[in-house]
Each structure stands twice: as C-alpha cells, then as structure tokens.
file final_22.cif (mmCIF, C-alpha atoms and all ligand atoms)
data_target
loop_
_atom_site.group_PDB
_atom_site.id
_atom_site.type_symbol
_atom_site.label_atom_id
_atom_site.label_comp_id
_atom_site.auth_asym_id
_atom_site.auth_seq_id
_atom_site.Cartn_x
_atom_site.Cartn_y
_atom_site.Cartn_z
ATOM 1 C CA MET R 1 -14.026 -10.390 2.061
ATOM 2 C CA SER R 2 -10.663 -10.727 3.791
ATOM 3 C CA LYS R 3 -8.440 -7.817 4.664
ATOM 4 C CA GLY R 4 -4.681 -7.808 4.480
ATOM 5 C CA ILE R 5 -1.956 -5.616 5.835
ATOM 6 C CA VAL R 6 0.105 -3.814 3.207
ATOM 7 C CA PHE R 7 2.640 -1.023 3.627
ATOM 8 C CA ASN R 8 2.982 0.346 0.116
ATOM 9 C CA ILE R 9 1.451 0.136 -3.334
ATOM 10 C CA GLN R 10 3.990 1.368 -5.823
ATOM 11 C CA LYS R 11 2.927 2.245 -9.332
ATOM 12 C CA PHE R 12 5.109 2.228 -12.451
ATOM 13 C CA SER R 13 7.586 -0.322 -11.102
ATOM 14 C CA ILE R 14 9.968 -1.596 -13.757
ATOM 15 C CA HIS R 15 12.271 -3.851 -11.736
ATOM 16 C CA ASP R 16 9.769 -6.320 -10.282
ATOM 17 C CA GLY R 17 8.963 -8.433 -13.332
ATOM 18 C CA PRO R 18 8.220 -7.733 -16.995
ATOM 19 C CA GLY R 19 6.805 -4.443 -18.290
ATOM 20 C CA ILE R 20 5.249 -1.672 -16.255
ATOM 21 C CA ARG R 21 3.843 -2.995 -13.011
ATOM 22 C CA THR R 22 2.123 -2.081 -9.786
ATOM 23 C CA THR R 23 3.946 -3.591 -6.822
ATOM 24 C CA VAL R 24 1.888 -4.374 -3.735
ATOM 25 C CA PHE R 25 4.041 -4.684 -0.622
ATOM 26 C CA PHE R 26 2.641 -7.076 1.992
ATOM 27 C CA LYS R 27 3.666 -6.598 5.596
ATOM 28 C CA GLY R 28 5.039 -9.541 7.563
ATOM 29 C CA CYS R 29 7.983 -11.799 6.814
ATOM 30 C CA PRO R 30 9.237 -15.004 8.440
ATOM 31 C CA LEU R 31 12.846 -14.030 7.655
ATOM 32 C CA LYS R 32 14.918 -11.326 9.286
ATOM 33 C CA CYS R 33 17.604 -10.712 6.677
ATOM 34 C CA GLN R 34 20.295 -8.367 7.939
ATOM 35 C CA TRP R 35 20.425 -6.508 4.607
ATOM 36 C CA CYS R 36 16.639 -6.192 4.170
ATOM 37 C CA SER R 37 15.911 -3.028 2.188
ATOM 38 C CA ASN R 38 12.364 -2.957 3.565
ATOM 39 C CA PRO R 39 12.872 -3.533 7.296
ATOM 40 C CA GLU R 40 9.433 -2.020 7.912
ATOM 41 C CA SER R 41 8.037 -5.059 6.111
ATOM 42 C CA GLN R 42 9.170 -7.624 8.643
ATOM 43 C CA LEU R 43 6.604 -7.227 11.435
ATOM 44 C CA LYS R 44 3.073 -8.280 10.531
ATOM 45 C CA GLN R 45 1.450 -5.354 12.310
ATOM 46 C CA ILE R 46 1.142 -1.612 11.887
ATOM 47 C CA GLN R 47 4.412 -0.146 13.038
ATOM 48 C CA ILE R 48 5.320 3.240 14.463
ATOM 49 C CA LEU R 49 8.352 4.996 12.988
ATOM 50 C CA TYR R 50 10.233 7.615 14.956
ATOM 51 C CA ASP R 51 12.267 10.458 13.454
ATOM 52 C CA LYS R 52 14.626 11.655 16.177
ATOM 53 C CA THR R 53 15.555 14.771 14.204
ATOM 54 C CA LYS R 54 11.973 16.063 14.459
ATOM 55 C CA CYS R 55 11.400 15.186 18.110
ATOM 56 C CA ALA R 56 11.179 18.047 20.632
ATOM 57 C CA GLY R 57 11.346 15.689 23.610
ATOM 58 C CA CYS R 58 7.976 16.845 24.998
ATOM 59 C CA GLN R 59 7.026 13.247 25.936
ATOM 60 C CA THR R 60 3.359 13.776 25.070
ATOM 61 C CA CYS R 61 3.462 10.415 23.293
ATOM 62 C CA VAL R 62 4.701 8.699 26.460
ATOM 63 C CA HIS R 63 1.727 10.050 28.424
ATOM 64 C CA THR R 64 -0.912 9.494 25.746
ATOM 65 C CA CYS R 65 -0.071 5.888 24.898
ATOM 66 C CA PRO R 66 -2.859 3.909 26.605
ATOM 67 C CA HIS R 67 -0.754 0.755 26.556
ATOM 68 C CA HIS R 68 2.427 2.160 28.080
ATOM 69 C CA ALA R 69 4.374 1.100 25.020
ATOM 70 C CA ILE R 70 6.482 4.256 24.874
ATOM 71 C CA THR R 71 9.340 5.276 27.110
ATOM 72 C CA PHE R 72 11.722 8.198 26.898
ATOM 73 C CA SER R 73 15.385 7.734 27.712
ATOM 74 C CA ASN R 74 18.720 8.992 26.397
ATOM 75 C CA GLN R 75 16.910 11.949 24.854
ATOM 76 C CA GLN R 76 14.808 9.781 22.632
ATOM 77 C CA VAL R 77 11.576 7.852 22.351
ATOM 78 C CA ASN R 78 11.616 4.058 22.527
ATOM 79 C CA ILE R 79 8.659 1.963 21.407
ATOM 80 C CA ASN R 80 7.992 -1.523 22.692
ATOM 81 C CA PHE R 81 6.240 -3.257 19.801
ATOM 82 C CA ASN R 82 5.206 -6.158 22.012
ATOM 83 C CA GLN R 83 2.956 -3.744 23.888
ATOM 84 C CA CYS R 84 1.874 -1.526 20.989
ATOM 85 C CA VAL R 85 -1.610 -2.256 19.619
ATOM 86 C CA SER R 86 -1.324 0.188 16.687
ATOM 87 C CA CYS R 87 -4.030 2.567 17.910
ATOM 88 C CA LEU R 88 -2.019 5.496 16.416
ATOM 89 C CA GLN R 89 -2.868 7.841 19.283
ATOM 90 C CA CYS R 90 0.775 8.748 19.732
ATOM 91 C CA ILE R 91 0.990 9.852 16.104
ATOM 92 C CA HIS R 92 -2.133 12.000 16.319
ATOM 93 C CA ASN R 93 -0.785 13.674 19.452
ATOM 94 C CA CYS R 94 2.732 14.431 18.257
ATOM 95 C CA LYS R 95 2.681 18.055 17.152
ATOM 96 C CA ASN R 96 6.143 17.781 15.621
ATOM 97 C CA HIS R 97 5.260 14.933 13.255
ATOM 98 C CA ALA R 98 8.154 12.923 14.630
ATOM 99 C CA LEU R 99 5.990 9.799 14.625
ATOM 100 C CA THR R 100 4.539 8.195 11.518
ATOM 101 C CA HIS R 101 3.347 4.695 10.748
ATOM 102 C CA GLU R 102 3.881 1.927 8.239
ATOM 103 C CA GLY R 103 1.172 -0.485 7.218
ATOM 104 C CA GLU R 104 -2.592 -0.365 6.856
ATOM 105 C CA TYR R 105 -5.365 -2.885 6.487
ATOM 106 C CA LYS R 106 -6.974 -2.986 3.059
ATOM 107 C CA THR R 107 -9.670 -5.115 1.480
ATOM 108 C CA VAL R 108 -9.002 -7.086 -1.685
ATOM 109 C CA ASP R 109 -11.282 -4.731 -3.629
ATOM 110 C CA GLU R 110 -9.404 -1.667 -2.402
ATOM 111 C CA VAL R 111 -6.109 -3.102 -3.663
ATOM 112 C CA VAL R 112 -7.631 -4.320 -6.931
ATOM 113 C CA ASP R 113 -9.167 -0.886 -7.602
ATOM 114 C CA ILE R 114 -5.739 0.744 -7.303
ATOM 115 C CA CYS R 115 -4.173 -1.891 -9.564
ATOM 116 C CA LEU R 116 -6.893 -1.466 -12.176
ATOM 117 C CA GLN R 117 -6.083 2.235 -12.553
ATOM 118 C CA ASP R 118 -3.038 1.288 -14.647
ATOM 119 C CA ILE R 119 -4.438 -1.626 -16.625
ATOM 120 C CA ASP R 120 -3.776 0.167 -19.931
ATOM 121 C CA PHE R 121 -0.079 0.453 -19.085
ATOM 122 C CA TYR R 122 0.098 -3.256 -18.262
ATOM 123 C CA GLU R 123 -1.506 -4.144 -21.580
ATOM 124 C CA GLU R 124 0.781 -1.893 -23.607
ATOM 125 C CA SER R 125 4.006 -2.925 -21.854
ATOM 126 C CA GLY R 126 3.354 -6.590 -21.069
ATOM 127 C CA GLY R 127 3.326 -5.702 -17.382
ATOM 128 C CA GLY R 128 0.993 -6.455 -14.490
ATOM 129 C CA VAL R 129 0.981 -6.676 -10.716
ATOM 130 C CA THR R 130 3.775 -7.964 -8.471
ATOM 131 C CA ILE R 131 3.320 -8.989 -4.870
ATOM 132 C CA SER R 132 6.345 -8.060 -2.803
ATOM 133 C CA GLY R 133 7.012 -7.586 0.861
ATOM 134 C CA GLY R 134 7.587 -8.907 3.279
ATOM 135 C CA GLU R 135 6.423 -12.336 2.252
ATOM 136 C CA GLY R 136 3.087 -12.287 0.466
ATOM 137 C CA MET R 137 2.398 -15.948 1.193
ATOM 138 C CA SER R 138 2.415 -15.261 4.929
ATOM 139 C CA GLN R 139 -1.104 -13.808 4.385
ATOM 140 C CA PRO R 140 -2.385 -16.775 2.354
ATOM 141 C CA GLU R 141 -6.132 -16.105 2.312
ATOM 142 C CA PHE R 142 -5.819 -12.450 1.411
ATOM 143 C CA LEU R 143 -3.192 -13.248 -1.215
ATOM 144 C CA LYS R 144 -5.270 -15.958 -2.851
ATOM 145 C CA GLU R 145 -8.359 -13.799 -3.029
ATOM 146 C CA LEU R 146 -6.365 -10.894 -4.440
ATOM 147 C CA VAL R 147 -4.629 -12.909 -7.152
ATOM 148 C CA LEU R 148 -7.847 -14.607 -8.246
ATOM 149 C CA LYS R 149 -9.528 -11.209 -8.532
ATOM 150 C CA LEU R 150 -6.635 -9.843 -10.605
ATOM 151 C CA LYS R 151 -6.907 -12.915 -12.831
ATOM 152 C CA GLU R 152 -10.575 -12.123 -13.466
ATOM 153 C CA HIS R 153 -9.271 -8.943 -15.080
ATOM 154 C CA LYS R 154 -6.653 -10.935 -17.007
ATOM 155 C CA ILE R 155 -3.781 -9.155 -15.258
ATOM 156 C CA HIS R 156 -0.335 -10.790 -15.282
ATOM 157 C CA THR R 157 0.694 -11.586 -11.705
ATOM 158 C CA ALA R 158 4.127 -12.144 -10.181
ATOM 159 C CA ILE R 159 5.344 -12.653 -6.628
ATOM 160 C CA GLU R 160 8.707 -12.014 -5.027
ATOM 161 C CA THR R 161 8.939 -14.856 -2.544
ATOM 162 C CA THR R 162 11.399 -15.963 0.102
ATOM 163 C CA GLY R 163 10.244 -19.538 -0.501
ATOM 164 C CA PHE R 164 10.096 -20.021 3.264
ATOM 165 C CA ILE R 165 6.504 -21.200 3.339
ATOM 166 C CA GLN R 166 4.989 -24.432 4.574
ATOM 167 C CA SER R 167 4.804 -26.867 1.611
ATOM 168 C CA GLU R 168 1.027 -27.231 1.724
ATOM 169 C CA ILE R 169 0.436 -23.473 1.492
ATOM 170 C CA PHE R 170 3.195 -22.946 -1.060
ATOM 171 C CA ARG R 171 1.835 -25.672 -3.341
ATOM 172 C CA GLU R 172 -1.628 -24.155 -3.246
ATOM 173 C CA LEU R 173 -0.520 -20.567 -3.916
ATOM 174 C CA ALA R 174 2.492 -20.845 -6.235
ATOM 175 C CA PRO R 175 0.543 -22.151 -9.274
ATOM 176 C CA LEU R 176 -1.746 -19.105 -9.165
ATOM 177 C CA PHE R 177 1.056 -16.844 -10.403
ATOM 178 C CA ASP R 178 2.363 -16.186 -13.892
ATOM 179 C CA LEU R 179 5.857 -15.695 -12.494
ATOM 180 C CA LEU R 180 7.619 -16.590 -9.258
ATOM 181 C CA LEU R 181 10.647 -14.446 -8.441
ATOM 182 C CA PHE R 182 12.226 -16.860 -5.980
ATOM 183 C CA ASP R 183 15.044 -15.721 -3.655
ATOM 184 C CA VAL R 184 17.939 -18.135 -3.174
ATOM 185 C CA LYS R 185 20.191 -16.711 -0.502
ATOM 186 C CA HIS R 186 22.607 -19.420 0.558
ATOM 187 C CA TYR R 187 23.368 -23.087 -0.057
ATOM 188 C CA ASP R 188 24.744 -23.617 3.450
ATOM 189 C CA ARG R 189 22.016 -24.024 6.068
ATOM 190 C CA GLU R 190 24.033 -22.627 8.987
ATOM 191 C CA LYS R 191 25.142 -19.579 7.034
ATOM 192 C CA HIS R 192 21.595 -19.140 5.794
ATOM 193 C CA PHE R 193 20.414 -19.131 9.376
ATOM 194 C CA ALA R 194 23.093 -16.665 10.454
ATOM 195 C CA GLY R 195 22.048 -14.161 7.765
ATOM 196 C CA THR R 196 18.281 -14.588 7.725
ATOM 197 C CA GLY R 197 17.229 -16.150 11.015
ATOM 198 C CA VAL R 198 15.878 -19.330 9.354
ATOM 199 C CA TYR R 199 17.324 -22.536 7.895
ATOM 200 C CA ASN R 200 17.048 -23.108 4.157
ATOM 201 C CA ASP R 201 15.590 -26.659 4.057
ATOM 202 C CA GLN R 202 12.001 -25.566 3.392
ATOM 203 C CA ILE R 203 13.157 -23.048 0.794
ATOM 204 C CA ILE R 204 15.173 -25.648 -1.114
ATOM 205 C CA GLU R 205 12.272 -28.094 -0.988
ATOM 206 C CA ASN R 206 9.911 -25.477 -2.444
ATOM 207 C CA LEU R 207 12.416 -24.449 -5.110
ATOM 208 C CA ILE R 208 12.905 -28.045 -6.266
ATOM 209 C CA TYR R 209 9.133 -28.560 -6.300
ATOM 210 C CA THR R 210 8.582 -25.373 -8.318
ATOM 211 C CA ILE R 211 11.047 -26.336 -11.020
ATOM 212 C CA LYS R 212 10.031 -29.998 -11.085
ATOM 213 C CA THR R 213 6.386 -29.117 -11.628
ATOM 214 C CA GLY R 214 7.267 -26.659 -14.412
ATOM 215 C CA LEU R 215 5.994 -23.514 -12.706
ATOM 216 C CA PRO R 216 7.342 -20.280 -14.245
ATOM 217 C CA VAL R 217 10.141 -19.331 -11.885
ATOM 218 C CA LEU R 218 13.153 -17.048 -11.876
ATOM 219 C CA PRO R 219 15.568 -17.797 -9.015
ATOM 220 C CA ARG R 220 17.314 -14.634 -7.810
ATOM 221 C CA ILE R 221 20.353 -14.202 -5.592
ATOM 222 C CA PRO R 222 20.735 -11.032 -3.545
ATOM 223 C CA VAL R 223 24.547 -10.864 -3.446
ATOM 224 C CA ILE R 224 25.503 -9.567 -0.011
ATOM 225 C CA PRO R 225 29.033 -8.661 1.131
ATOM 226 C CA GLY R 226 30.331 -11.006 3.804
ATOM 227 C CA PHE R 227 27.298 -13.288 3.512
ATOM 228 C CA ASN R 228 27.301 -14.920 0.072
ATOM 229 C CA ASP R 229 29.613 -12.862 -2.160
ATOM 230 C CA SER R 230 32.677 -15.125 -2.253
ATOM 231 C CA LEU R 231 33.474 -17.337 -5.238
ATOM 232 C CA GLU R 232 33.130 -20.329 -2.937
ATOM 233 C CA ASP R 233 29.597 -19.166 -2.126
ATOM 234 C CA ALA R 234 28.847 -18.827 -5.838
ATOM 235 C CA MET R 235 30.060 -22.402 -6.433
ATOM 236 C CA GLY R 236 27.891 -23.717 -3.621
ATOM 237 C CA ILE R 237 24.777 -21.898 -4.875
ATOM 238 C CA ALA R 238 25.459 -22.950 -8.480
ATOM 239 C CA SER R 239 25.650 -26.550 -7.339
ATOM 240 C CA LEU R 240 22.356 -26.142 -5.444
ATOM 241 C CA LEU R 241 20.718 -24.653 -8.560
ATOM 242 C CA ASN R 242 22.039 -27.536 -10.660
ATOM 243 C CA ARG R 243 20.565 -29.975 -8.167
ATOM 244 C CA ALA R 244 17.218 -28.175 -8.481
ATOM 245 C CA ASN R 245 17.540 -28.195 -12.310
ATOM 246 C CA ALA R 246 17.358 -24.394 -12.503
ATOM 247 C CA MET R 247 18.261 -23.153 -15.969
ATOM 248 C CA LYS R 248 18.687 -19.480 -15.112
ATOM 249 C CA VAL R 249 19.389 -17.121 -12.261
ATOM 250 C CA GLN R 250 19.372 -13.365 -11.727
ATOM 251 C CA LEU R 251 21.968 -11.631 -9.547
ATOM 252 C CA LEU R 252 20.811 -8.707 -7.410
ATOM 253 C CA PRO R 253 23.908 -6.794 -6.261
ATOM 254 C CA PHE R 254 23.777 -5.376 -2.727
ATOM 255 C CA HIS R 255 22.707 -1.754 -2.208
ATOM 256 C CA GLN R 256 21.954 0.316 0.879
ATOM 257 C CA PHE R 257 18.585 1.786 -0.085
ATOM 258 C CA GLY R 258 16.978 0.790 3.208
ATOM 259 C CA GLU R 259 19.494 2.391 5.581
ATOM 260 C CA LYS R 260 17.403 5.416 6.631
ATOM 261 C CA LYS R 261 14.458 3.166 7.494
ATOM 262 C CA TYR R 262 16.537 1.314 10.083
ATOM 263 C CA GLU R 263 17.126 4.639 11.800
ATOM 264 C CA LEU R 264 13.396 5.424 11.860
ATOM 265 C CA LEU R 265 12.701 1.994 13.334
ATOM 266 C CA ASN R 266 15.412 2.523 15.934
ATOM 267 C CA ARG R 267 17.250 -0.549 14.669
ATOM 268 C CA GLU R 268 20.901 -1.083 13.982
ATOM 269 C CA TYR R 269 21.888 -1.437 10.327
ATOM 270 C CA THR R 270 24.760 -3.909 10.418
ATOM 271 C CA LEU R 271 25.811 -3.363 6.787
ATOM 272 C CA LYS R 272 26.365 0.375 7.198
ATOM 273 C CA ASN R 273 30.056 0.197 6.355
ATOM 274 C CA GLU R 274 29.743 -2.095 3.341
ATOM 275 C CA THR R 275 29.955 -0.608 -0.121
ATOM 276 C CA ALA R 276 27.339 -1.233 -2.771
ATOM 277 C CA LEU R 277 28.081 -3.876 -5.400
ATOM 278 C CA HIS R 278 27.724 -3.401 -9.150
ATOM 279 C CA PRO R 279 27.599 -5.865 -12.041
ATOM 280 C CA GLU R 280 31.225 -5.062 -12.922
ATOM 281 C CA ASP R 281 32.273 -6.226 -9.413
ATOM 282 C CA LEU R 282 30.628 -9.591 -9.954
ATOM 283 C CA LYS R 283 32.016 -10.758 -13.289
ATOM 284 C CA GLU R 284 33.911 -13.723 -11.825
ATOM 285 C CA TYR R 285 30.951 -14.529 -9.593
ATOM 286 C CA GLN R 286 28.655 -14.546 -12.618
ATOM 287 C CA GLN R 287 31.110 -16.687 -14.600
ATOM 288 C CA ILE R 288 30.795 -19.496 -12.058
ATOM 289 C CA PHE R 289 27.110 -19.868 -12.860
ATOM 290 C CA LEU R 290 27.724 -19.628 -16.591
ATOM 291 C CA ASP R 291 30.390 -22.344 -16.298
ATOM 292 C CA ALA R 292 27.843 -24.484 -14.450
ATOM 293 C CA GLY R 293 25.514 -24.209 -17.467
ATOM 294 C CA ILE R 294 23.143 -21.741 -15.821
ATOM 295 C CA GLN R 295 22.068 -18.646 -17.715
ATOM 296 C CA CYS R 296 23.117 -15.869 -15.331
ATOM 297 C CA PHE R 297 22.312 -12.189 -15.697
ATOM 298 C CA PHE R 298 21.720 -8.961 -13.773
HETATM 299 S S1 LIG V 1 5.174 13.585 21.165
HETATM 300 FE FE1 LIG V 1 6.504 13.752 19.367
HETATM 301 S S2 LIG V 1 7.904 15.429 19.831
HETATM 302 FE FE2 LIG V 1 6.991 14.780 21.768
HETATM 303 S S3 LIG V 1 8.444 13.248 22.573
HETATM 304 FE FE3 LIG V 1 6.890 12.136 21.438
HETATM 305 S S4 LIG V 1 7.806 11.935 19.423
HETATM 306 FE FE4 LIG V 1 8.953 13.534 20.423
HETATM 307 S S1 LIG V 2 0.201 3.202 18.400
HETATM 308 FE FE1 LIG V 2 -1.014 3.308 20.282
HETATM 309 S S2 LIG V 2 -0.277 1.568 21.480
HETATM 310 FE FE2 LIG V 2 1.237 1.897 19.862
HETATM 311 S S3 LIG V 2 2.783 3.199 20.776
HETATM 312 FE FE3 LIG V 2 1.318 4.563 19.756
HETATM 313 S S4 LIG V 2 -0.198 5.105 21.323
HETATM 314 FE FE4 LIG V 2 0.950 3.339 22.083
#

call {"tool": "encode", "arguments": {"input": "final_22.cif", "output": "structure tokens", "more": "lines below"}}
Ligand code: SF4
Ligand code: SF4
result
Amino acid sequence: MSKGIVFNIQKFSIHDGPGIRTTVFFKGCPLKCQWCSNPESQLKQIQILYDKTKCAGCQTCVHTCPHHAITFSNQQVNINFNQCVSCLQCIHNCKNHALTHEGEYKTVDEVVDICLQDIDFYEESGGGVTISGGEGMSQPEFLKELVLKLKEHKIHTAIETTGFIQSEIFRELAPLFDLLLFDVKHYDREKHFAGTGVYNDQIIENLIYTIKTGLPVLPRIPVIPGFNDSLEDAMGIASLLNRANAMKVQLLPFHQFGEKKYELLNREYTLKNETALHPEDLKEYQQIFLDAGIQCFF
C-alpha cells in the first residue's frame, strides 16, 4: 500500500464542499502563489518550522544536525531545505520547542480510518471528504488509492485542485471525484506566471476538458489585491470562463490567514500590507460575471 505525505487532516470543515467534511491536506504543490494561505503545503517533504520568539540561541540544533542544514546568523536559525533530510533530530534536541515540523507520511488506511470516524456526520449533512493542499494530484498513486477506498465506503469525495497537472494524470484522476473545486487564477499567462510561478496553459486545457466531458466542477477565483482584483481582470476571466463553457463560478475574497506561517518558515509574506477583501467590496467585480451569463456567488 502506498504512503503519502499530508500535513493536516481537519475534521468538521464546512467551507470545502457540501455538508460537514473532513479535509485532508496533501503536501507538495507545483505552484508558488504569493498569497498562499498554506505556505507549508508547497514543499513535498517534511519541513521544519522555526519560532524565533521561543529560540534561546543555544545553537544545539546547529551542532546536532547530521547534514549541516542549519546555520545561525543574525541571532536566528536558518534552515537549508536542500540539505535537510527530515530526520527531525533538531526538533528532538531543542529544549525550547522553537522547532516543530509540518508533514508526515501516512498510509491510505491510516487516512481512511480517520475519515471514517465521522461517516455519520457526512451522511446526515450530505458531506464527505475533501482533498486539499498543496495539490493532491501531485501524489497521483496515493490519491487514487485513497479515493477508491473512500468510494468503497460510499463517501462523497471532492478535491481542491490547481488544475496544473499533466493531462494524462488529470484525465485519469479527475473522474474519480464527485466534485472538482477548480482554481482559476488569471486569464493572462504572463500575469499568471508572475503570481504563481507557472503559466496557465495546462490549467486552461484541463478546465476546458473537465467542462466538456461533463465532470462535476465548480471553478473558483481567489480574488487577490494587485493580482486579479481589477474589473479588467474580471472581464478577462469571465471571457475565459465563457470560452470554457463554465456556467458558474465562486469568488474567494483574499484574506491573510496564512501570515504567521510565513514567519515560521522564515519566508517573506509579500501581501502583508494588503487589506482583506469582503463580498461587499466585490459587487462590481461579481456583476461582470453575472453580465457574462455566469452564475457568480461567494
Ligand atoms: S536548539 Fe532551539 S533554542 Fe537552540 S538555537 Fe536551535 S532553535 Fe534555538
Ligand atoms: S530535520 Fe534533520 S536534517 Fe533537517 S535540519 Fe533538522 S536535524 Fe538537520
């Protein structure tokens, strides 16, 4: 049985698909979105987090790391993830608990057992299990095995996907789900690249395929200040959705829930000074989709 790397299994989720759900967060993502609210999801390996406020500067971690992945400068610890092999020795040796980790390997059965604990809630609420991340499809074998096992228990399955997956893999995995929550971030390939680190060609191809083949899909737009929040952006995305024959779209207004995690990962959060968006800020934005004949909601 294959093992996968996950960083969280969240019970009683109510924003990741219909009803009450368990959300399984896969680690590893081909995109590097600047606004990512789960930055710890991006690397497909166990990752060490460092809380500067708890660090006494003893440098025990520097000396105990067998792979010389840790250095100490400017009064703080720096971890080189290219050298780290996730042995966790630094964590076990830090008396101040300044180091923690994200991500662990689990078997399909281990994940299914956790999901099954709430099967009564799924049945009563019309809920199920959602795969989030990260990008679940970047661990294709583990994902397939997991979804098929959940299906054996007649559990509704959804996936939040970036759509940035090789066609062959996407076409094999997408039909396994009862719902695809498909992110559409930008219509313009250069701007898409600037915000996410990848071009959008593959994503658009997979979106068109999904709708054309009648798979149950809900396109969703994370609306991000300075990236895709102008009315011109809305017009461009609406036109893309029309081209793909999408009938509906959900808007996900920007928030800063992930900010603290950037600090723990010793990464800069470039959207620190942006304010959160709310549905009332996006009325005109929403209207553009409605005018284009697309059912648009929050
Ligand atoms: S072992 Fe812990 S307290 Fe000591 S330097 Fe490393 S992170 Fe800081
Ligand atoms: S997990 Fe292991 S290899 Fe990675 S930084 Fe800590 S001690 Fe070094």

call {"tool": "closest_residue", "arguments": {"input": "final_22.cif", "among": "R:Thr22, R:Gly258, R:Gln76, R:Leu251", "to": "Leu150 (chain R)", "atoms": "all atoms listed in the file"}}
result
R:Thr22

call {"tool": "resolve_selection", "arguments": {"input": "final_22.cif", "expression": "the PyMOL selection byres (((chain R and resi 133-139) around 9) and not hetatm)", "output": "PyMOL selection string"}}
result
chain R and resi 4-8+24-31+38-44+131-132+140-144+159-165+169-170+173-174

call {"tool": "atom_distance", "arguments": {"input": "final_22.cif", "atom1": "CA of Phe12 (chain R)", "atom2": "CA of Asp178 (chain R)"}}
result
18.7 Å

call {"tool": "resolve_selection", "arguments": {"input": "final_22.cif", "expression": "the PyMOL selection byres (((not hetatm)) within 12 of (chain V and resi 2))", "output": "ChimeraX atom specification"}}
result
/R:45-50,59-72,77-94,98-103

call {"tool": "residues_around", "arguments": {"input": "final_22.cif", "residues": "Leu240 (chain R)", "least_positions_apart": "5", "cutoff": "10 Å", "atoms": "only C-alpha atoms", "output": "ChimeraX atom specification"}}
result
/R:184,186-188,204,208,234-235,245-246

call {"tool": "write_last_selection", "arguments": {"input": "final_22.cif", "atoms": "C-alpha atoms", "output": "CSV table (one decimal), keeping the file's coordinate frame"}}
result
chain,number,residue,atom,x,y,z
R,184,VAL,CA,17.9,-18.1,-3.2
R,186,HIS,CA,22.6,-19.4,0.6
R,187,TYR,CA,23.4,-23.1,-0.1
R,188,ASP,CA,24.7,-23.6,3.4
R,204,ILE,CA,15.2,-25.6,-1.1
R,208,ILE,CA,12.9,-28.0,-6.3
R,234,ALA,CA,28.8,-18.8,-5.8
R,235,MET,CA,30.1,-22.4,-6.4
R,245,ASN,CA,17.5,-28.2,-12.3
R,246,ALA,CA,17.4,-24.4,-12.5

call {"tool": "residues_around", "arguments": {"input": "final_22.cif", "residues": "Thr130 (chain R)", "least_positions_apart": "6", "cutoff": "6 Å", "atoms": "all atoms listed in the file", "output": "JSON, numbers by chain"}}
result
{"R": [23, 157, 158, 159]}

call {"tool": "resolve_selection", "arguments": {"input": "final_22.cif", "expression": "the PyMOL selection byres (((chain R and resi 106-113) around 6) and not hetatm)", "output": "tab-separated table (two decimals) with C-alpha atoms, in the coordinates of the input"}}
result
chain	number	residue	atom	x	y	z
R	3	LYS	CA	-8.44	-7.82	4.66
R	4	GLY	CA	-4.68	-7.81	4.48
R	105	TYR	CA	-5.36	-2.88	6.49
R	114	ILE	CA	-5.74	0.74	-7.30
R	115	CYS	CA	-4.17	-1.89	-9.56
R	116	LEU	CA	-6.89	-1.47	-12.18
R	146	LEU	CA	-6.36	-10.89	-4.44

call {"tool": "residues_around", "arguments": {"input": "final_22.cif", "residues": "Ser125 (chain R)", "least_positions_apart": "6", "cutoff": "9 Å", "atoms": "all atoms listed in the file", "output": "mmCIF file with C-alpha atoms, in the frame of the given file"}}
result
data_model
loop_
_atom_site.group_PDB
_atom_site.id
_atom_site.type_symbol
_atom_site.label_atom_id
_atom_site.label_comp_id
_atom_site.auth_asym_id
_atom_site.auth_seq_id
_atom_site.Cartn_x
_atom_site.Cartn_y
_atom_site.Cartn_z
ATOM 1 C CA PRO R 18 8.220 -7.733 -16.995
ATOM 2 C CA GLY R 19 6.805 -4.443 -18.290
ATOM 3 C CA ILE R 20 5.249 -1.672 -16.255
ATOM 4 C CA ARG R 21 3.843 -2.995 -13.011
#
